[in-house]
file start.pdb (PDB, C-alpha atoms)
ATOM      1  CA  MET A   1     105.156  74.918 147.725
ATOM      2  CA  SER A   2     106.403  75.709 144.216
ATOM      3  CA  GLU A   3     109.958  76.841 143.508
ATOM      4  CA  PRO A   4     110.319  80.599 142.881
ATOM      5  CA  ASP A   5     111.124  81.562 139.272
ATOM      6  CA  PRO A   6     114.887  81.762 138.734
ATOM      7  CA  HIS A   7     116.285  85.293 138.427
ATOM      8  CA  PRO A   8     116.846  86.270 134.737
ATOM      9  CA  LEU A   9     120.565  86.739 135.541
ATOM     10  CA  SER A  10     120.861  82.958 135.955
ATOM     11  CA  ARG A  11     119.956  82.590 132.252
ATOM     12  CA  LEU A  12     122.836  84.785 131.023
ATOM     13  CA  ASP A  13     125.036  82.894 128.557
ATOM     14  CA  GLU A  14     128.652  83.922 129.249
ATOM     15  CA  THR A  15     129.685  82.988 125.693
ATOM     16  CA  VAL A  16     127.379  85.674 124.329
ATOM     17  CA  HIS A  17     127.289  88.104 127.238
ATOM     18  CA  GLN A  18     131.015  88.970 127.168
ATOM     19  CA  ARG A  19     131.229  92.555 125.842
ATOM     20  CA  ALA A  20     133.589  92.007 122.898
ATOM     21  CA  ARG A  21     131.781  88.845 121.733
ATOM     22  CA  LEU A  22     128.455  90.625 122.059
ATOM     23  CA  GLY A  23     129.922  93.411 119.880
ATOM     24  CA  VAL A  24     131.058  90.896 117.243
ATOM     25  CA  LEU A  25     127.601  89.256 117.159
ATOM     26  CA  ALA A  26     125.850  92.641 116.956
ATOM     27  CA  ILE A  27     128.031  93.757 114.016
ATOM     28  CA  LEU A  28     127.518  90.462 112.202
ATOM     29  CA  THR A  29     123.754  90.578 112.773
ATOM     30  CA  GLU A  30     123.549  93.980 111.090
ATOM     31  CA  ARG A  31     126.166  93.171 108.405
ATOM     32  CA  THR A  32     125.647  89.398 107.878
ATOM     33  CA  ASP A  33     129.411  89.077 107.352
ATOM     34  CA  ALA A  34     132.544  91.126 107.964
ATOM     35  CA  ASP A  35     136.263  90.587 107.583
ATOM     36  CA  PHE A  36     138.738  90.323 110.445
ATOM     37  CA  GLY A  37     140.207  93.795 109.842
ATOM     38  CA  TYR A  38     136.804  95.464 109.878
ATOM     39  CA  LEU A  39     135.785  93.798 113.161
ATOM     40  CA  LYS A  40     139.125  94.776 114.711
ATOM     41  CA  ARG A  41     138.742  98.437 113.741
ATOM     42  CA  ALA A  42     135.042  98.665 114.603
ATOM     43  CA  LEU A  43     135.540  97.270 118.114
ATOM     44  CA  GLY A  44     139.021  98.634 118.821
ATOM     45  CA  LEU A  45     140.474  95.172 119.559
ATOM     46  CA  THR A  46     143.953  93.743 118.971
ATOM     47  CA  ASP A  47     144.565  90.835 116.552
ATOM     48  CA  GLY A  48     145.111  88.363 119.385
ATOM     49  CA  ASN A  49     142.123  89.519 121.384
ATOM     50  CA  LEU A  50     139.717  89.382 118.450
ATOM     51  CA  GLY A  51     141.152  86.006 117.365
ATOM     52  CA  ARG A  52     140.466  84.513 120.798
ATOM     53  CA  HIS A  53     136.902  85.828 120.895
ATOM     54  CA  LEU A  54     136.192  84.571 117.374
ATOM     55  CA  GLU A  55     137.555  81.159 118.343
ATOM     56  CA  VAL A  56     135.073  80.970 121.243
ATOM     57  CA  LEU A  57     132.185  82.005 118.968
ATOM     58  CA  VAL A  58     133.175  79.511 116.255
ATOM     59  CA  THR A  59     133.536  76.673 118.789
ATOM     60  CA  SER A  60     130.034  77.465 120.095
ATOM     61  CA  GLY A  61     128.612  77.385 116.554
ATOM     62  CA  LEU A  62     127.555  81.044 116.657
ATOM     63  CA  VAL A  63     129.907  82.273 113.905
ATOM     64  CA  ASP A  64     131.451  80.663 110.792
ATOM     65  CA  LEU A  65     134.857  81.657 109.414
ATOM     66  CA  ARG A  66     135.749  81.590 105.735
ATOM     67  CA  ARG A  67     139.025  82.465 104.048
ATOM     68  CA  GLY A  68     138.898  84.336 100.778
ATOM     69  CA  TYR A  69     141.183  86.328  98.526
ATOM     70  CA  ASP A  70     140.892  89.965  97.555
ATOM     71  CA  GLY A  71     143.377  90.111  94.672
ATOM     72  CA  ARG A  72     146.561  88.787  96.289
ATOM     73  CA  ARG A  73     145.558  89.679  99.840
ATOM     74  CA  GLN A  74     144.059  86.964 102.017
ATOM     75  CA  ARG A  75     140.973  87.945 103.978
ATOM     76  CA  THR A  76     139.169  86.072 106.745
ATOM     77  CA  TRP A  77     135.426  86.620 106.704
ATOM     78  CA  ALA A  78     133.257  85.965 109.743
ATOM     79  CA  ARG A  79     129.583  85.192 109.207
ATOM     80  CA  ILE A  80     126.881  84.853 111.829
ATOM     81  CA  THR A  81     125.025  81.517 111.931
ATOM     82  CA  PRO A  82     121.256  81.155 112.586
ATOM     83  CA  ALA A  83     122.193  79.932 116.092
ATOM     84  CA  GLY A  84     124.306  83.076 116.588
ATOM     85  CA  ARG A  85     121.442  85.337 115.545
ATOM     86  CA  ALA A  86     119.043  83.488 117.871
ATOM     87  CA  ALA A  87     121.565  83.730 120.739
ATOM     88  CA  LEU A  88     121.941  87.490 120.242
ATOM     89  CA  LEU A  89     118.163  88.027 120.173
ATOM     90  CA  ALA A  90     117.789  85.901 123.340
ATOM     91  CA  GLU A  91     120.505  88.010 125.035
ATOM     92  CA  LEU A  92     118.741  91.229 124.012
ATOM     93  CA  ASP A  93     115.421  89.931 125.421
ATOM     94  CA  LEU A  94     117.127  88.921 128.646
ATOM     95  CA  LEU A  95     118.867  92.286 129.033
ATOM     96  CA  ARG A  96     115.554  94.068 128.489
ATOM     97  CA  SER A  97     113.780  91.875 131.064
ATOM     98  CA  ILE A  98     116.555  92.580 133.608
ATOM     99  CA  THR A  99     116.219  96.327 132.917
ATOM    100  CA  ARG A 100     112.451  96.069 133.450
ATOM    101  CA  LEU A 101     113.024  94.166 136.705
ATOM    102  CA  VAL A 102     115.437  96.824 137.980
ATOM    103  CA  ASP A 103     113.013  99.608 137.024
ATOM    104  CA  ALA A 104     110.184  97.822 138.880
ATOM    105  CA  GLU A 105     112.206  97.414 142.135
ATOM    106  CA  PRO A 106     111.017  99.819 144.854
ATOM    107  CA  PRO A 107     113.725 102.311 145.859
ATOM    108  CA  ASP A 108     115.826 101.274 148.877
ATOM    109  CA  ALA A 109     114.368 102.868 152.037
ATOM    110  CA  SER A 110     117.679 102.929 153.978
TER     111      SER A 110
ATOM    112  CA  MET B   1     124.845  96.723 127.962
ATOM    113  CA  THR B   2     121.561  97.202 126.100
ATOM    114  CA  SER B   3     122.612 100.704 125.047
ATOM    115  CA  TYR B   4     126.008  99.325 123.915
ATOM    116  CA  LEU B   5     124.194  96.854 121.666
ATOM    117  CA  VAL B   6     121.787  99.466 120.327
ATOM    118  CA  ARG B   7     124.706 101.827 119.602
ATOM    119  CA  ILE B   8     126.556  99.126 117.653
ATOM    120  CA  LEU B   9     123.463  98.246 115.609
ATOM    121  CA  GLU B  10     122.835 101.944 114.840
ATOM    122  CA  ARG B  11     126.511 102.520 114.049
ATOM    123  CA  GLU B  12     126.673  99.626 111.599
ATOM    124  CA  ARG B  13     123.513 100.727 109.815
ATOM    125  CA  ALA B  14     124.941 104.249 109.561
ATOM    126  CA  ALA B  15     128.381 103.024 108.437
ATOM    127  CA  ARG B  16     126.884 101.081 105.539
ATOM    128  CA  HIS B  17     124.766 104.098 104.480
ATOM    129  CA  ALA B  18     121.631 101.966 104.606
ATOM    130  CA  ARG B  19     119.445 105.070 104.387
ATOM    131  CA  SER B  20     121.391 107.575 102.290
ATOM    132  CA  ILE B  21     122.350 105.290  99.376
ATOM    133  CA  PRO B  22     118.752 104.230  98.487
ATOM    134  CA  LEU B  23     117.537 107.818  98.994
ATOM    135  CA  ALA B  24     120.333 109.169  96.757
ATOM    136  CA  ALA B  25     119.545 106.624  94.020
ATOM    137  CA  VAL B  26     115.831 107.477  94.136
ATOM    138  CA  THR B  27     116.707 111.206  94.008
ATOM    139  CA  VAL B  28     118.701 110.612  90.809
ATOM    140  CA  ALA B  29     115.760 108.659  89.347
ATOM    141  CA  LEU B  30     113.346 111.489  90.236
ATOM    142  CA  VAL B  31     115.661 114.044  88.592
ATOM    143  CA  VAL B  32     115.729 111.855  85.457
ATOM    144  CA  LEU B  33     111.914 111.616  85.484
ATOM    145  CA  ALA B  34     111.561 115.389  85.908
ATOM    146  CA  ALA B  35     114.181 116.120  83.207
ATOM    147  CA  VAL B  36     112.605 113.691  80.740
ATOM    148  CA  GLY B  37     109.206 115.271  81.275
ATOM    149  CA  ARG B  38     110.634 118.749  80.686
ATOM    150  CA  TYR B  39     113.573 118.484  78.255
ATOM    151  CA  LEU B  40     113.863 115.000  76.776
ATOM    152  CA  ARG B  41     111.633 112.807  74.716
ATOM    153  CA  LEU B  42     112.351 109.108  75.188
ATOM    154  CA  PRO B  43     110.516 106.194  73.555
ATOM    155  CA  GLY B  44     107.256 105.372  75.367
ATOM    156  CA  LEU B  45     107.223 102.978  78.324
ATOM    157  CA  TRP B  46     110.947 103.524  79.078
ATOM    158  CA  ASP B  47     110.022 104.479  82.646
ATOM    159  CA  ALA B  48     108.826 100.926  83.383
ATOM    160  CA  PHE B  49     112.531  99.975  83.496
ATOM    161  CA  LEU B  50     113.726 102.949  85.562
ATOM    162  CA  PRO B  51     112.781 101.647  89.084
ATOM    163  CA  GLY B  52     114.547  98.308  88.525
ATOM    164  CA  LEU B  53     117.653 100.041  87.159
ATOM    165  CA  THR B  54     117.627 102.463  90.118
ATOM    166  CA  PHE B  55     117.691  99.661  92.676
ATOM    167  CA  LEU B  56     120.276  97.799  90.588
ATOM    168  CA  LEU B  57     122.421 100.914  91.113
ATOM    169  CA  VAL B  58     121.842 100.544  94.872
ATOM    170  CA  VAL B  59     122.943  96.873  94.714
ATOM    171  CA  ALA B  60     126.096  97.911  92.817
ATOM    172  CA  ALA B  61     126.891 100.681  95.323
ATOM    173  CA  MET B  62     126.435  98.242  98.213
ATOM    174  CA  ALA B  63     128.669  95.629  96.523
ATOM    175  CA  VAL B  64     131.443  98.207  95.987
ATOM    176  CA  GLN B  65     131.107  99.287  99.603
ATOM    177  CA  ARG B  66     131.375  95.659 100.817
ATOM    178  CA  ALA B  67     134.533  95.078  98.784
ATOM    179  CA  LEU B  68     136.176  98.312  99.960
ATOM    180  CA  ARG B  69     135.201  98.234 103.631
ATOM    181  CA  GLY B  70     135.243  94.499 104.277
ATOM    182  CA  ALA B  71     131.757  94.299 105.770
ATOM    183  CA  GLY B  72     128.500  93.040 104.297
ATOM    184  CA  ASN B  73     125.196  94.778 103.785
ATOM    185  CA  GLY B  74     122.861  92.883 106.066
ATOM    186  CA  ARG B  75     119.532  91.371 105.161
ATOM    187  CA  ASP B  76     117.643  94.421 103.895
ATOM    188  CA  GLY B  77     117.012  92.673 100.575
ATOM    189  CA  TYR B  78     118.566  95.090  98.043
ATOM    190  CA  GLY B  79     118.900  92.321  95.440
ATOM    191  CA  LEU B  80     115.352  91.113  96.079
ATOM    192  CA  VAL B  81     113.921  94.604  95.479
ATOM    193  CA  ALA B  82     116.029  95.148  92.332
ATOM    194  CA  VAL B  83     115.065  91.793  90.813
ATOM    195  CA  GLY B  84     111.391  92.284  91.715
ATOM    196  CA  LEU B  85     111.283  95.723  90.055
ATOM    197  CA  LEU B  86     113.280  94.572  87.009
ATOM    198  CA  LEU B  87     110.653  91.865  86.476
ATOM    199  CA  VAL B  88     107.704  94.303  86.620
ATOM    200  CA  PRO B  89     107.794  95.209  82.866
ATOM    201  CA  PHE B  90     107.574  91.503  82.011
ATOM    202  CA  LEU B  91     104.488  90.869  84.136
ATOM    203  CA  PRO B  92     100.972  91.176  82.677
ATOM    204  CA  PHE B  93     100.215  94.926  82.463
ATOM    205  CA  GLY B  94     103.670  95.602  83.964
ATOM    206  CA  LEU B  95     104.823  97.596  80.960
ATOM    207  CA  VAL B  96     101.855  99.948  81.099
ATOM    208  CA  ALA B  97     101.642 100.161  84.914
ATOM    209  CA  PRO B  98     103.797 103.337  85.022
ATOM    210  CA  LEU B  99     101.208 105.041  82.788
ATOM    211  CA  PHE B 100      98.732 104.809  85.657
ATOM    212  CA  VAL B 101     100.714 104.676  88.912
ATOM    213  CA  GLY B 102     103.908 106.276  87.621
ATOM    214  CA  ALA B 103     107.484 105.084  87.974
ATOM    215  CA  GLU B 104     107.431 107.117  91.205
ATOM    216  CA  ALA B 105     105.053 104.604  92.811
ATOM    217  CA  LEU B 106     107.348 101.702  91.903
ATOM    218  CA  LEU B 107     110.352 103.604  93.324
ATOM    219  CA  GLY B 108     108.268 104.203  96.462
ATOM    220  CA  ALA B 109     107.391 100.507  96.715
ATOM    221  CA  GLY B 110     111.105  99.693  96.658
ATOM    222  CA  LEU B 111     111.806 102.147  99.492
ATOM    223  CA  VAL B 112     108.876 100.778 101.525
ATOM    224  CA  VAL B 113     110.234  97.213 101.263
ATOM    225  CA  LEU B 114     113.766  98.323 102.232
ATOM    226  CA  GLY B 115     112.438 100.460 105.104
ATOM    227  CA  TRP B 116     110.193  97.664 106.353
ATOM    228  CA  ARG B 117     112.954  95.030 106.264
ATOM    229  CA  GLY B 118     115.513  97.402 107.802
ATOM    230  CA  ARG B 119     112.968  98.835 110.287
ATOM    231  CA  ASP B 120     113.909 102.294 109.046
ATOM    232  CA  ARG B 121     111.171 104.925 109.115
ATOM    233  CA  GLY B 122     113.503 107.240 107.181
ATOM    234  CA  LEU B 123     112.984 104.957 104.163
ATOM    235  CA  TRP B 124     109.435 103.659 104.371
ATOM    236  CA  VAL B 125     107.788 107.036 105.052
ATOM    237  CA  PRO B 126     109.283 108.698 101.913
ATOM    238  CA  GLY B 127     108.416 105.462 100.097
ATOM    239  CA  LEU B 128     104.754 105.788 101.076
ATOM    240  CA  VAL B 129     104.782 109.432  99.920
ATOM    241  CA  LEU B 130     106.059 108.335  96.491
ATOM    242  CA  LEU B 131     103.471 105.541  96.358
ATOM    243  CA  ALA B 132     100.741 108.161  96.756
ATOM    244  CA  LEU B 133     102.418 110.725  94.534
ATOM    245  CA  GLY B 134     102.714 108.514  91.433
ATOM    246  CA  PRO B 135      98.970 108.049  90.850
ATOM    247  CA  PHE B 136      98.396 111.708  91.848
ATOM    248  CA  VAL B 137     100.591 112.898  88.975
ATOM    249  CA  HIS B 138      99.663 110.242  86.422
ATOM    250  CA  LEU B 139      95.907 110.097  86.944
ATOM    251  CA  ASN B 140      95.625 113.874  86.458
ATOM    252  CA  GLY B 141      95.298 114.717  90.174
ATOM    253  CA  ALA B 142      98.114 117.255  89.839
ATOM    254  CA  ALA B 143      96.727 118.693  86.607
ATOM    255  CA  ILE B 144      93.283 119.204  88.192
ATOM    256  CA  THR B 145      94.274 120.517  91.632
ATOM    257  CA  LEU B 146      97.343 122.525  90.601
ATOM    258  CA  PHE B 147      95.919 123.967  87.365
ATOM    259  CA  TRP B 148      96.797 127.496  88.525
ATOM    260  CA  LEU B 149     100.558 126.849  88.383
ATOM    261  CA  PRO B 150     102.326 128.652  85.521
ATOM    262  CA  ALA B 151     104.365 125.501  84.730
ATOM    263  CA  ASP B 152     103.178 121.983  83.825
ATOM    264  CA  PRO B 153     101.777 120.760  87.205
ATOM    265  CA  GLY B 154     103.118 117.207  86.691
ATOM    266  CA  VAL B 155     106.661 118.458  86.062
ATOM    267  CA  ALA B 156     106.397 120.957  88.960
ATOM    268  CA  VAL B 157     105.398 118.185  91.393
ATOM    269  CA  ARG B 158     108.236 115.963  90.126
ATOM    270  CA  VAL B 159     110.821 118.754  90.491
ATOM    271  CA  ALA B 160     109.557 119.592  94.008
ATOM    272  CA  THR B 161     109.729 115.893  94.970
ATOM    273  CA  ALA B 162     113.263 115.565  93.614
ATOM    274  CA  VAL B 163     114.343 118.621  95.632
ATOM    275  CA  ALA B 164     112.679 117.209  98.780
ATOM    276  CA  PHE B 165     114.459 113.874  98.287
ATOM    277  CA  ALA B 166     117.804 115.644  97.796
ATOM    278  CA  VAL B 167     117.237 117.394 101.146
ATOM    279  CA  LEU B 168     116.308 114.064 102.796
ATOM    280  CA  THR B 169     119.465 112.473 101.381
ATOM    281  CA  GLY B 170     121.634 115.287 102.754
ATOM    282  CA  ARG B 171     119.993 114.931 106.159
ATOM    283  CA  ALA B 172     120.491 111.142 106.116
ATOM    284  CA  ILE B 173     124.211 111.590 105.316
ATOM    285  CA  ARG B 174     124.611 114.032 108.237
ATOM    286  CA  ILE B 175     122.907 111.603 110.657
ATOM    287  CA  GLU B 176     125.013 108.680 109.387
ATOM    288  CA  ARG B 177     128.236 110.695 109.822
ATOM    289  CA  ARG B 178     127.277 111.488 113.412
ATOM    290  CA  ARG B 179     126.435 107.859 114.241
ATOM    291  CA  SER B 180     129.293 106.092 112.507
ATOM    292  CA  THR B 181     131.984 106.635 115.153
ATOM    293  CA  PRO B 182     133.526 103.365 116.460
ATOM    294  CA  VAL B 183     132.047 101.804 119.608
ATOM    295  CA  PRO B 184     135.029 100.281 121.479
ATOM    296  CA  ALA B 185     134.484  96.828 123.000
ATOM    297  CA  GLU B 186     137.042  97.443 125.741
ATOM    298  CA  VAL B 187     135.963 100.025 128.309
ATOM    299  CA  PRO B 188     138.927 102.318 129.117
ATOM    300  CA  ALA B 189     140.005 101.923 132.768
TER     301      ALA B 189
END

call {"tool": "encode", "arguments": {"input": "start.pdb", "output": "structure tokens"}}
result
Amino acid sequence: MSEPDPHPLSRLDETVHQRARLGVLAILTERTDADFGYLKRALGLTDGNLGRHLEVLVTSGLVDLRRGYDGRRQRTWARITPAGRAALLAELDLLRSITRLVDAEPPDAS
Amino acid sequence: MTSYLVRILERERAARHARSIPLAAVTVALVVLAAVGRYLRLPGLWDAFLPGLTFLLVVAAMAVQRALRGAGNGRDGYGLVAVGLLLVPFLPFGLVAPLFVGAEALLGAGLVVLGWRGRDRGLWVPGLVLLALGPFVHLNGAAITLFWLPADPGVAVRVATAVAFAVLTGRAIRIERRRSTPVPAEVPA
């Protein structure tokens, strides 16, 4: 007897699926790059919180960080990597397949 | 979670004015074309350079926006479109192409590419309209079908198109304002 197909939930990547990190990846997919301040404002996160999430994404190779100067002010730019873009698209596909699965479930009779 | 993602993608596109800036630039170009036809006389073939300059304006506006806001402009290909259109006059027959298809068609081609790459119907549909409109005006379609107009049919069509694009730009700005509210990552308890 063959093994049943694993539930799509088992394929969720926690690095990407976490809400704030998913938000960062979504912004960077649409923008290509954004500075720390912009990401913080757009997602309503604190410095520490955003810093921790960016660290996870950089360690996983999904985002690159680059320091630059805007006049005298230092700016940290985050840029999505090809792996980050692929991970976000895979997450979107997975979320859509889970939604389809839920929609296809017959309503509970109890 | 899917709707959260979709909202962020929509919000970012709205916040960088991905629709209104190209539409506004094309509106300005259409006003210039209409005004030149009616009030100004410029040396022949000048309009071969207008589409490239228009999309160069879009690139400049996007660059200013990136520097001020601290967020990039995605992969819609603004530079690609500008460079492509700036090269048109230097291609074989490129300089005389606007005589037949009109600068409007080249402006439309630019919008179609941006709308296709950005998956934005609000750009590629007006682009297709301009692609059809250019040859209509320049190959005497307007002069033949709209002969009954009291004004020069070509100029009348250009003025009407410029007005329609101004309305589309205003509508795009309203939609972008509505969509560009922040989407918080933390759900309030």

call {"tool": "resolve_selection", "arguments": {"input": "start.pdb", "expression": "the PyMOL selection byres ((chain B and resi 107) around 10)", "output": "ChimeraX atom specification"}}
result
/B:22,25-27,29-30,50-52,54-55,81,85,102-106,108-112,127-128,130-131,134

call {"tool": "resolve_selection", "arguments": {"input": "start.pdb", "expression": "the PyMOL selection byres ((chain A) within 8 of (chain B))", "output": "PDB file with C-alpha atoms, in the frame of the given file"}}
result
ATOM      1  CA  ARG A  19     131.229  92.555 125.842  1.00  0.00           C
ATOM      2  CA  ALA A  20     133.589  92.007 122.898  1.00  0.00           C
ATOM      3  CA  LEU A  22     128.455  90.625 122.059  1.00  0.00           C
ATOM      4  CA  GLY A  23     129.922  93.411 119.880  1.00  0.00           C
ATOM      5  CA  ALA A  26     125.850  92.641 116.956  1.00  0.00           C
ATOM      6  CA  ILE A  27     128.031  93.757 114.016  1.00  0.00           C
ATOM      7  CA  THR A  29     123.754  90.578 112.773  1.00  0.00           C
ATOM      8  CA  GLU A  30     123.549  93.980 111.090  1.00  0.00           C
ATOM      9  CA  ARG A  31     126.166  93.171 108.405  1.00  0.00           C
ATOM     10  CA  THR A  32     125.647  89.398 107.878  1.00  0.00           C
ATOM     11  CA  ASP A  33     129.411  89.077 107.352  1.00  0.00           C
ATOM     12  CA  ALA A  34     132.544  91.126 107.964  1.00  0.00           C
ATOM     13  CA  ASP A  35     136.263  90.587 107.583  1.00  0.00           C
ATOM     14  CA  GLY A  37     140.207  93.795 109.842  1.00  0.00           C
ATOM     15  CA  TYR A  38     136.804  95.464 109.878  1.00  0.00           C
ATOM     16  CA  ARG A  41     138.742  98.437 113.741  1.00  0.00           C
ATOM     17  CA  ALA A  42     135.042  98.665 114.603  1.00  0.00           C
ATOM     18  CA  LEU A  43     135.540  97.270 118.114  1.00  0.00           C
ATOM     19  CA  GLY A  44     139.021  98.634 118.821  1.00  0.00           C
ATOM     20  CA  LEU A  45     140.474  95.172 119.559  1.00  0.00           C
ATOM     21  CA  LEU A  92     118.741  91.229 124.012  1.00  0.00           C
ATOM     22  CA  LEU A  95     118.867  92.286 129.033  1.00  0.00           C
ATOM     23  CA  ARG A  96     115.554  94.068 128.489  1.00  0.00           C
TER      24      ARG A  96
END

call {"tool": "atom_distance", "arguments": {"input": "start.pdb", "atom1": "CA of Ala142 in chain B", "atom2": "CA of Val125 in chain B"}}
result
20.7 Å

call {"tool": "resolve_selection", "arguments": {"input": "start.pdb", "expression": "the PyMOL selection byres ((chain B and resi 168) around 10)", "output": "JSON, numbers by chain"}}
result
{"B": [19, 20, 23, 24, 27, 122, 123, 126, 162, 163, 164, 165, 166, 167, 169, 170, 171, 172, 173, 174]}

call {"tool": "residues_near_point", "arguments": {"input": "start.pdb", "point": "(127.0, 78.0, 123.8)", "cutoff": "8 Å", "atoms": "all atoms listed in the file", "output": "mmCIF file with C-alpha atoms, in the frame of the given file"}}
result
data_model
loop_
_atom_site.group_PDB
_atom_site.id
_atom_site.type_symbol
_atom_site.label_atom_id
_atom_site.label_comp_id
_atom_site.auth_asym_id
_atom_site.auth_seq_id
_atom_site.Cartn_x
_atom_site.Cartn_y
_atom_site.Cartn_z
ATOM 1 C CA ASP A 13 125.036 82.894 128.557
ATOM 2 C CA THR A 15 129.685 82.988 125.693
ATOM 3 C CA VAL A 16 127.379 85.674 124.329
ATOM 4 C CA SER A 60 130.034 77.465 120.095
ATOM 5 C CA GLY A 61 128.612 77.385 116.554
ATOM 6 C CA LEU A 62 127.555 81.044 116.657
#

call {"tool": "closest_residue", "arguments": {"input": "start.pdb", "among": "A:Leu28, A:Leu94, A:Leu12, A:Leu50", "to": "Pro82 in chain A", "atoms": "all atoms listed in the file"}}
result
A:Leu28
